[in-house]
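Trainee: Hey, dropping work24.csv in here, CSV, C-alpha atoms and all ligand atoms:
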```csv
chain,number,residue,atom,x,y,z
A,973,MET,CA,86.6,164.2,149.4
A,974,ARG,CA,86.7,160.4,149.1
A,975,ARG,CA,84.4,158.6,151.5
A,976,PRO,CA,86.3,155.8,153.2
A,977,LEU,CA,85.2,152.2,152.6
A,978,VAL,CA,86.0,149.3,154.9
A,979,ALA,CA,85.1,145.9,153.4
A,980,GLY,CA,85.3,142.6,155.2
A,981,ASN,CA,86.3,139.6,153.1
A,982,TRP,CA,85.2,136.5,154.9
A,983,LYS,CA,86.9,134.2,152.4
A,984,MET,CA,85.9,130.5,152.7
A,985,HIS,CA,84.9,130.8,156.3
A,986,GLY,CA,81.7,130.2,158.1
A,987,THR,CA,78.8,127.9,158.8
A,988,HIS,CA,75.1,128.7,158.9
A,989,SER,CA,75.4,129.1,162.7
A,990,SER,CA,78.7,130.9,162.9
A,991,VAL,CA,77.4,133.4,160.2
A,992,ALA,CA,74.3,133.9,162.4
A,993,GLU,CA,76.6,134.8,165.3
A,994,LEU,CA,78.6,137.2,163.2
A,995,ILE,CA,75.5,138.9,162.0
A,996,LYS,CA,74.4,139.4,165.6
A,997,GLY,CA,77.7,141.0,166.4
A,998,LEU,CA,77.7,143.2,163.4
A,999,ARG,CA,74.2,144.4,164.2
A,1000,GLN,CA,75.4,145.6,167.5
A,1001,LEU,CA,78.3,147.7,166.2
A,1002,ALA,CA,78.3,151.4,166.5
A,1003,LEU,CA,79.5,152.4,163.0
A,1004,PRO,CA,80.9,155.8,162.0
A,1005,SER,CA,78.5,157.7,159.8
A,1006,GLY,CA,81.2,159.0,157.4
A,1007,VAL,CA,82.4,155.5,156.4
A,1008,ASP,CA,80.9,153.0,153.9
A,1009,VAL,CA,81.0,149.5,155.4
A,1010,ALA,CA,80.6,146.2,153.5
A,1011,VAL,CA,81.0,142.5,154.2
A,1012,MET,CA,81.7,139.8,151.6
A,1013,PRO,CA,80.5,136.4,152.9
A,1014,PRO,CA,80.9,133.1,151.0
A,1015,CYS,CA,78.3,133.1,148.2
A,1016,LEU,CA,76.3,130.4,150.0
A,1017,PHE,CA,75.5,132.8,152.9
A,1018,ILE,CA,74.9,136.0,151.0
A,1019,SER,CA,71.1,135.9,151.3
A,1020,GLN,CA,71.3,135.0,155.0
A,1021,VAL,CA,73.6,138.0,155.6
A,1022,ILE,CA,71.5,140.4,153.6
A,1023,GLN,CA,68.4,139.4,155.5
A,1024,GLY,CA,70.2,139.4,158.8
A,1025,LEU,CA,71.6,142.9,158.3
A,1026,ALA,CA,68.4,144.4,157.0
A,1027,GLY,CA,68.1,148.0,158.3
A,1028,LYS,CA,71.8,148.1,159.3
A,1029,ALA,CA,74.1,150.4,157.2
A,1030,ILE,CA,76.3,147.5,156.0
A,1031,ASP,CA,76.5,146.6,152.3
A,1032,VAL,CA,76.9,143.1,151.2
A,1033,GLY,CA,79.2,142.0,148.4
A,1034,ALA,CA,80.5,138.9,146.9
A,1035,GLN,CA,84.1,137.5,146.6
A,1036,ASN,CA,83.8,136.4,143.0
A,1037,SER,CA,81.5,136.4,140.1
A,1038,ALA,CA,81.4,134.9,136.6
A,1039,VAL,CA,83.0,136.2,133.4
A,1040,GLU,CA,79.5,136.4,131.8
A,1041,PRO,CA,77.0,138.9,133.2
A,1042,MET,CA,73.8,136.9,132.8
A,1043,GLN,CA,72.6,133.6,134.1
A,1044,GLY,CA,73.2,130.6,131.8
A,1045,ALA,CA,75.1,127.4,131.3
A,1046,LEU,CA,78.2,127.9,133.4
A,1047,THR,CA,78.4,125.2,136.0
A,1048,GLY,CA,79.4,126.2,139.5
A,1049,GLU,CA,79.6,129.9,138.8
A,1050,THR,CA,77.5,132.8,140.0
A,1051,ALA,CA,76.4,135.5,137.5
A,1052,PRO,CA,76.8,139.1,138.6
A,1053,SER,CA,73.2,139.7,137.6
A,1054,GLN,CA,72.2,137.0,140.1
A,1055,LEU,CA,74.3,138.7,142.8
A,1056,ALA,CA,72.6,142.0,142.0
A,1057,ASP,CA,69.2,140.3,142.1
A,1058,VAL,CA,69.7,139.1,145.7
A,1059,GLY,CA,70.9,142.6,146.8
A,1060,CYS,CA,74.7,142.6,146.5
A,1061,SER,CA,76.3,145.9,145.7
A,1062,MET,CA,79.9,145.0,145.0
A,1063,VAL,CA,82.2,142.2,144.1
A,1064,LEU,CA,85.9,141.4,144.5
A,1065,VAL,CA,87.7,140.9,141.2
A,1066,GLY,CA,91.1,139.4,140.9
A,1067,HIS,CA,91.9,138.5,144.6
A,1068,SER,CA,95.4,137.1,144.8
A,1069,GLU,CA,94.1,133.8,146.1
A,1070,ARG,CA,92.2,133.4,142.9
A,1071,ARG,CA,95.0,134.7,140.7
A,1072,LEU,CA,97.6,132.4,142.3
A,1073,ILE,CA,95.7,129.3,143.4
A,1074,LEU,CA,93.1,129.2,140.7
A,1075,GLY,CA,95.2,130.7,137.9
A,1076,GLU,CA,92.9,133.7,137.1
A,1077,SER,CA,94.7,135.7,134.4
A,1078,ASP,CA,94.6,139.4,133.8
A,1079,GLU,CA,92.3,138.7,130.9
A,1080,VAL,CA,89.8,136.8,133.0
A,1081,VAL,CA,90.0,139.5,135.6
A,1082,SER,CA,89.1,142.2,133.1
A,1083,ARG,CA,86.1,140.1,131.8
A,1084,LYS,CA,84.8,139.7,135.4
A,1085,PHE,CA,85.3,143.4,136.0
A,1086,ALA,CA,83.3,144.3,132.9
A,1087,ALA,CA,80.5,141.7,133.6
A,1088,ALA,CA,80.1,142.8,137.2
A,1089,GLN,CA,79.9,146.5,136.2
A,1090,SER,CA,77.4,145.8,133.5
A,1091,CYS,CA,75.1,144.5,136.1
A,1092,GLY,CA,75.4,147.5,138.4
A,1093,LEU,CA,77.9,145.9,140.8
A,1094,VAL,CA,80.9,147.9,141.9
A,1095,PRO,CA,84.0,145.9,141.1
A,1096,VAL,CA,86.8,146.0,143.7
A,1097,LEU,CA,89.9,145.2,141.7
A,1098,CYS,CA,92.6,143.5,143.8
A,1099,VAL,CA,96.2,144.0,142.8
A,1100,GLY,CA,99.5,143.3,144.6
A,1101,GLU,CA,102.9,141.7,144.4
A,1102,THR,CA,104.3,138.5,145.8
A,1103,ARG,CA,107.2,138.5,148.2
A,1104,ALA,CA,109.6,137.5,145.5
A,1105,GLU,CA,108.4,140.3,143.2
A,1106,ARG,CA,108.9,142.8,146.0
A,1107,GLU,CA,112.3,141.5,146.8
A,1108,ALA,CA,113.2,141.7,143.1
A,1109,GLY,CA,112.2,145.4,143.1
A,1110,LYS,CA,109.2,144.7,140.8
A,1111,THR,CA,106.3,145.9,143.0
A,1112,LEU,CA,105.3,148.9,141.1
A,1113,GLU,CA,105.8,147.1,137.8
A,1114,VAL,CA,103.5,144.2,138.8
A,1115,VAL,CA,100.8,146.4,140.2
A,1116,ALA,CA,100.9,148.7,137.1
A,1117,ARG,CA,100.5,145.6,134.8
A,1118,GLN,CA,97.5,144.3,136.8
A,1119,LEU,CA,95.8,147.7,136.8
A,1120,GLY,CA,96.9,148.6,133.3
A,1121,SER,CA,95.4,145.4,131.8
A,1122,VAL,CA,92.0,146.5,133.0
A,1123,ILE,CA,92.5,150.1,131.8
A,1124,ASP,CA,93.6,148.8,128.4
A,1125,GLU,CA,90.6,146.5,128.1
A,1126,LEU,CA,87.9,148.7,129.4
A,1127,GLY,CA,89.2,152.3,129.4
A,1128,VAL,CA,90.0,154.4,132.5
A,1129,GLY,CA,86.3,155.5,132.5
A,1130,ALA,CA,85.5,152.1,134.0
A,1131,PHE,CA,87.1,153.2,137.2
A,1132,ALA,CA,84.5,156.0,137.8
A,1133,ARG,CA,82.4,153.2,139.4
A,1134,ALA,CA,85.0,150.9,140.8
A,1135,VAL,CA,87.4,150.5,143.7
A,1136,VAL,CA,91.0,149.3,143.7
A,1137,ALA,CA,92.4,147.3,146.6
A,1138,TYR,CA,96.2,147.1,146.9
A,1139,GLU,CA,97.0,143.8,148.7
A,1140,PRO,CA,100.6,142.8,148.9
A,1141,VAL,CA,100.4,139.0,148.7
A,1142,TRP,CA,103.2,138.6,151.4
A,1143,ALA,CA,101.0,140.6,153.8
A,1144,ILE,CA,97.8,138.5,153.3
A,1145,GLY,CA,96.9,136.3,156.3
A,1146,THR,CA,100.5,136.4,157.4
A,1147,GLY,CA,100.3,139.0,160.2
A,1148,LEU,CA,102.8,141.1,158.3
A,1149,THR,CA,101.4,144.4,157.3
A,1150,ALA,CA,103.0,146.8,154.8
A,1151,SER,CA,104.2,149.8,156.6
A,1152,PRO,CA,102.0,152.9,156.0
A,1153,ALA,CA,104.9,154.3,153.9
A,1154,GLN,CA,105.2,151.2,151.8
A,1155,ALA,CA,101.4,151.1,151.2
A,1156,GLN,CA,101.2,154.8,150.5
A,1157,GLU,CA,104.0,154.5,147.8
A,1158,VAL,CA,102.0,151.9,145.9
A,1159,HIS,CA,98.7,153.7,146.4
A,1160,ALA,CA,100.2,156.9,145.1
A,1161,ALA,CA,101.5,155.0,142.0
A,1162,ILE,CA,98.1,153.5,141.4
A,1163,ARG,CA,96.5,156.9,141.6
A,1164,ALA,CA,99.2,158.4,139.3
A,1165,GLN,CA,98.5,155.7,136.7
A,1166,LEU,CA,94.8,156.5,136.7
A,1167,ALA,CA,95.6,160.2,136.7
A,1168,ALA,CA,97.8,159.9,133.6
A,1169,GLU,CA,94.6,158.9,131.7
A,1170,ASN,CA,92.1,161.1,133.6
A,1171,ALA,CA,93.2,163.3,136.4
A,1172,GLU,CA,89.8,164.3,137.6
A,1173,LEU,CA,88.5,160.8,137.7
A,1174,ALA,CA,91.7,159.6,139.6
A,1175,LYS,CA,91.0,162.0,142.4
A,1176,GLY,CA,87.7,160.3,143.2
A,1177,VAL,CA,88.7,156.6,143.0
A,1178,ARG,CA,88.8,154.9,146.3
A,1179,LEU,CA,92.0,152.9,146.9
A,1180,LEU,CA,91.9,150.3,149.8
A,1181,TYR,CA,94.8,148.7,151.5
A,1182,GLY,CA,94.5,145.0,152.4
A,1183,GLY,CA,96.9,142.6,154.1
A,1184,SER,CA,96.6,141.8,157.8
A,1185,VAL,CA,94.8,145.0,158.7
A,1186,LYS,CA,94.0,145.0,162.4
A,1187,ALA,CA,92.4,147.5,164.6
A,1188,ALA,CA,95.9,148.3,166.0
A,1189,SER,CA,97.4,149.1,162.6
A,1190,ALA,CA,94.3,150.6,160.8
A,1191,ALA,CA,94.4,154.2,161.9
A,1192,GLU,CA,98.0,154.8,160.8
A,1193,LEU,CA,97.4,153.1,157.4
A,1194,PHE,CA,94.1,155.0,156.8
A,1195,GLY,CA,95.8,158.2,157.8
A,1196,MET,CA,97.9,158.1,154.6
A,1197,PRO,CA,96.8,160.5,151.9
A,1198,ASP,CA,96.0,157.9,149.2
A,1199,ILE,CA,94.6,155.1,151.4
A,1200,ASP,CA,90.9,155.4,151.5
A,1201,GLY,CA,90.0,152.4,153.7
A,1202,GLY,CA,90.7,148.7,153.9
A,1203,LEU,CA,89.9,145.3,152.6
A,1204,VAL,CA,90.0,143.2,155.8
A,1205,GLY,CA,90.3,139.4,155.8
A,1206,GLY,CA,90.9,137.6,159.1
A,1207,ALA,CA,90.0,140.5,161.3
A,1208,SER,CA,86.6,140.8,159.7
A,1209,LEU,CA,85.5,137.5,161.2
A,1210,ASN,CA,85.4,139.1,164.6
A,1211,ALA,CA,82.7,141.7,164.7
A,1212,ASP,CA,84.3,143.8,167.5
A,1213,GLU,CA,87.6,143.9,165.8
A,1214,PHE,CA,86.0,144.8,162.5
A,1215,GLY,CA,84.0,147.5,164.1
A,1216,ALA,CA,87.1,149.0,165.6
A,1217,ILE,CA,88.7,149.0,162.1
A,1218,CYS,CA,85.6,150.8,160.7
A,1219,ARG,CA,85.8,153.4,163.4
A,1220,ALA,CA,89.5,153.9,162.6
A,1221,ALA,CA,88.5,154.8,159.1
A,1222,GLY,CA,86.1,157.4,160.4
A,1223,SER,CA,88.6,159.3,162.6
A,1301,LIG,P1,93.9,139.3,155.7
A,1301,LIG,O1,93.3,139.2,154.2
A,1301,LIG,O2,93.3,140.6,156.3
A,1301,LIG,O3,93.5,138.1,156.4
A,1301,LIG,O4,95.4,139.4,155.5
A,1301,LIG,C1,93.0,140.3,153.4
A,1301,LIG,C2,92.5,139.8,152.1
A,1301,LIG,O5,93.0,138.8,151.5
A,1301,LIG,O6,91.6,140.4,151.5
```
Will you turn the file into structure tokens for me?
Mentor:
Amino acid sequence: MRRPLVAGNWKMHGTHSSVAELIKGLRQLALPSGVDVAVMPPCLFISQVIQGLAGKAIDVGAQNSAVEPMQGALTGETAPSQLADVGCSMVLVGHSERRLILGESDEVVSRKFAAAQSCGLVPVLCVGETRAEREAGKTLEVVARQLGSVIDELGVGAFARAVVAYEPVWAIGTGLTASPAQAQEVHAAIRAQLAAENAELAKGVRLLYGGSVKAASAAELFGMPDIDGGLVGGASLNADEFGAICRAAGS
């Protein structure tokens, strides 16, 4: 049985005081015991969140980390070893906003994945097609390329300690959610691609759905056989809404 995971991606949101408020809300949540819960604040607030959530069963992750594992001369970046040192347990790799706005290539994504993993962080590999790619019937091809490039570089064994998040770009921050059937189709293809290399391993890999997940849509999505939780953007900035999504993953 795969244990569900719900991760909140705060993106570039928050101030010192709004983060303090959000921590207060998160501390008050009743969370289901069978679900792993994580939040990913902007790097600047990670220590504040780790301290603020001490004793609460919520992991803290980062939204990005450097291509190199260890600290060194790489201006503006954060080494995965530094994230691990302050208490992060996971990191997003290859979020579409970084692929599309910052031009992160599949090669860079693989390097970040490997660097993060070598420091003990769990990489959460984000994959997903744009609207144009979906309309052109290329969804499965695009996702297979993004996943395949990491498998080719690092071997399928790297996914024994990793998570994959399917996030259709057209559903991110738009209020449009993939239907449970649309999401399940891609999740099943991702698992099949992993299974083609190692069937046993593929059964254990958690596959999250992301893209306008709300409390109202979560239960139906999480009820699909290959959807093991969610990567939640906008709705994770509201503690009560986020809590309701976490509970949906536990039911
Ligand atoms: P959204 O973002 O829930 O606001 O659509 C999801 C994500 O980009 O991780």
Trainee: Restricting the calculation to all atoms listed in the file: of A:Arg1219, A:His985, A:Arg999, A:Lys1110, which residue gets closest to ligand LIG 1301 (chain A)?
Mentor: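 Counting all atoms listed in the file, the residue closest to ligand LIG 1301 (chain A) is A:His985.
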Trainee: Any idea what the distance is between atom CA of A:Gly1206 and atom O2 of ligand LIG 1301 (chain A)?
Mentor: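 These atoms are spaced 4.8 Å apart.
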Trainee: Can you tell me which residues sit at most 9 Å away from ligand LIG 1301 (chain A), counting all atoms listed in the file, written as a CSV table (one decimal) with C-alpha atoms, in the frame of the given file?
Mentor:
```csv
chain,number,residue,atom,x,y,z
A,979,ALA,CA,85.1,145.9,153.4
A,980,GLY,CA,85.3,142.6,155.2
A,981,ASN,CA,86.3,139.6,153.1
A,982,TRP,CA,85.2,136.5,154.9
A,983,LYS,CA,86.9,134.2,152.4
A,1067,HIS,CA,91.9,138.5,144.6
A,1068,SER,CA,95.4,137.1,144.8
A,1069,GLU,CA,94.1,133.8,146.1
A,1098,CYS,CA,92.6,143.5,143.8
A,1137,ALA,CA,92.4,147.3,146.6
A,1139,GLU,CA,97.0,143.8,148.7
A,1140,PRO,CA,100.6,142.8,148.9
A,1141,VAL,CA,100.4,139.0,148.7
A,1142,TRP,CA,103.2,138.6,151.4
A,1143,ALA,CA,101.0,140.6,153.8
A,1144,ILE,CA,97.8,138.5,153.3
A,1145,GLY,CA,96.9,136.3,156.3
A,1146,THR,CA,100.5,136.4,157.4
A,1147,GLY,CA,100.3,139.0,160.2
A,1148,LEU,CA,102.8,141.1,158.3
A,1149,THR,CA,101.4,144.4,157.3
A,1181,TYR,CA,94.8,148.7,151.5
A,1182,GLY,CA,94.5,145.0,152.4
A,1183,GLY,CA,96.9,142.6,154.1
A,1184,SER,CA,96.6,141.8,157.8
A,1185,VAL,CA,94.8,145.0,158.7
A,1186,LYS,CA,94.0,145.0,162.4
A,1202,GLY,CA,90.7,148.7,153.9
A,1203,LEU,CA,89.9,145.3,152.6
A,1204,VAL,CA,90.0,143.2,155.8
A,1205,GLY,CA,90.3,139.4,155.8
A,1206,GLY,CA,90.9,137.6,159.1
A,1207,ALA,CA,90.0,140.5,161.3
A,1208,SER,CA,86.6,140.8,159.7
```
Trainee: Which of these residues is nearest to A:Leu1097, using only C-alpha atoms: A:Asn1210, A:Gln1165, A:Gln1118, A:Ser990?
Mentor: A:Gln1118
Trainee: Give me, as a PyMOL selection string, all polymer residues having an atom no more than 8 Å from A:Ala1155, counting all atoms listed in the file and skipping those fewer than 6 positions away in the same chain.
Mentor: chain A and resi 1138+1181+1193+1199
Trainee: Could you please take those selected residues and save C-alpha atoms as a PDB file, in the frame of the given file?
Mentor:
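Here's the written file out-v2.pdb:
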```
ATOM      1  CA  TYR A1138      96.200 147.100 146.900  1.00  0.00           C
ATOM      2  CA  TYR A1181      94.800 148.700 151.500  1.00  0.00           C
ATOM      3  CA  LEU A1193      97.400 153.100 157.400  1.00  0.00           C
ATOM      4  CA  ILE A1199      94.600 155.100 151.400  1.00  0.00           C
TER       5      ILE A1199
END
```
Trainee: Between A:Gly1120, A:Leu1179, A:Ala1190, A:Val1009, which is the closest to A:Pro1152 once you count only C-alpha atoms?
Mentor: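 Ranking A:Gly1120, A:Leu1179, A:Ala1190, A:Val1009 by distance to A:Pro1152, first place goes to A:Ala1190.
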Trainee: Extract, using only C-alpha atoms, all DNA, RNA and protein residues at most 9 Å from stretch 1014-1021 of chain A, discarding same-chain residues fewer than 5 positions from it, and format them as a list of chain:residue names.
Mentor: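 My reading of the contact set: A:Asn981, A:Trp982, A:Lys983, A:Met984, A:His985, A:Gly986, A:Thr987, A:His988, A:Val991, A:Ala992, A:Ile995, A:Ala1026, A:Val1032, A:Gly1033, A:Ala1034, A:Gln1035, A:Asn1036, A:Thr1050, A:Leu1055, A:Val1058, A:Gly1059, A:Cys1060.
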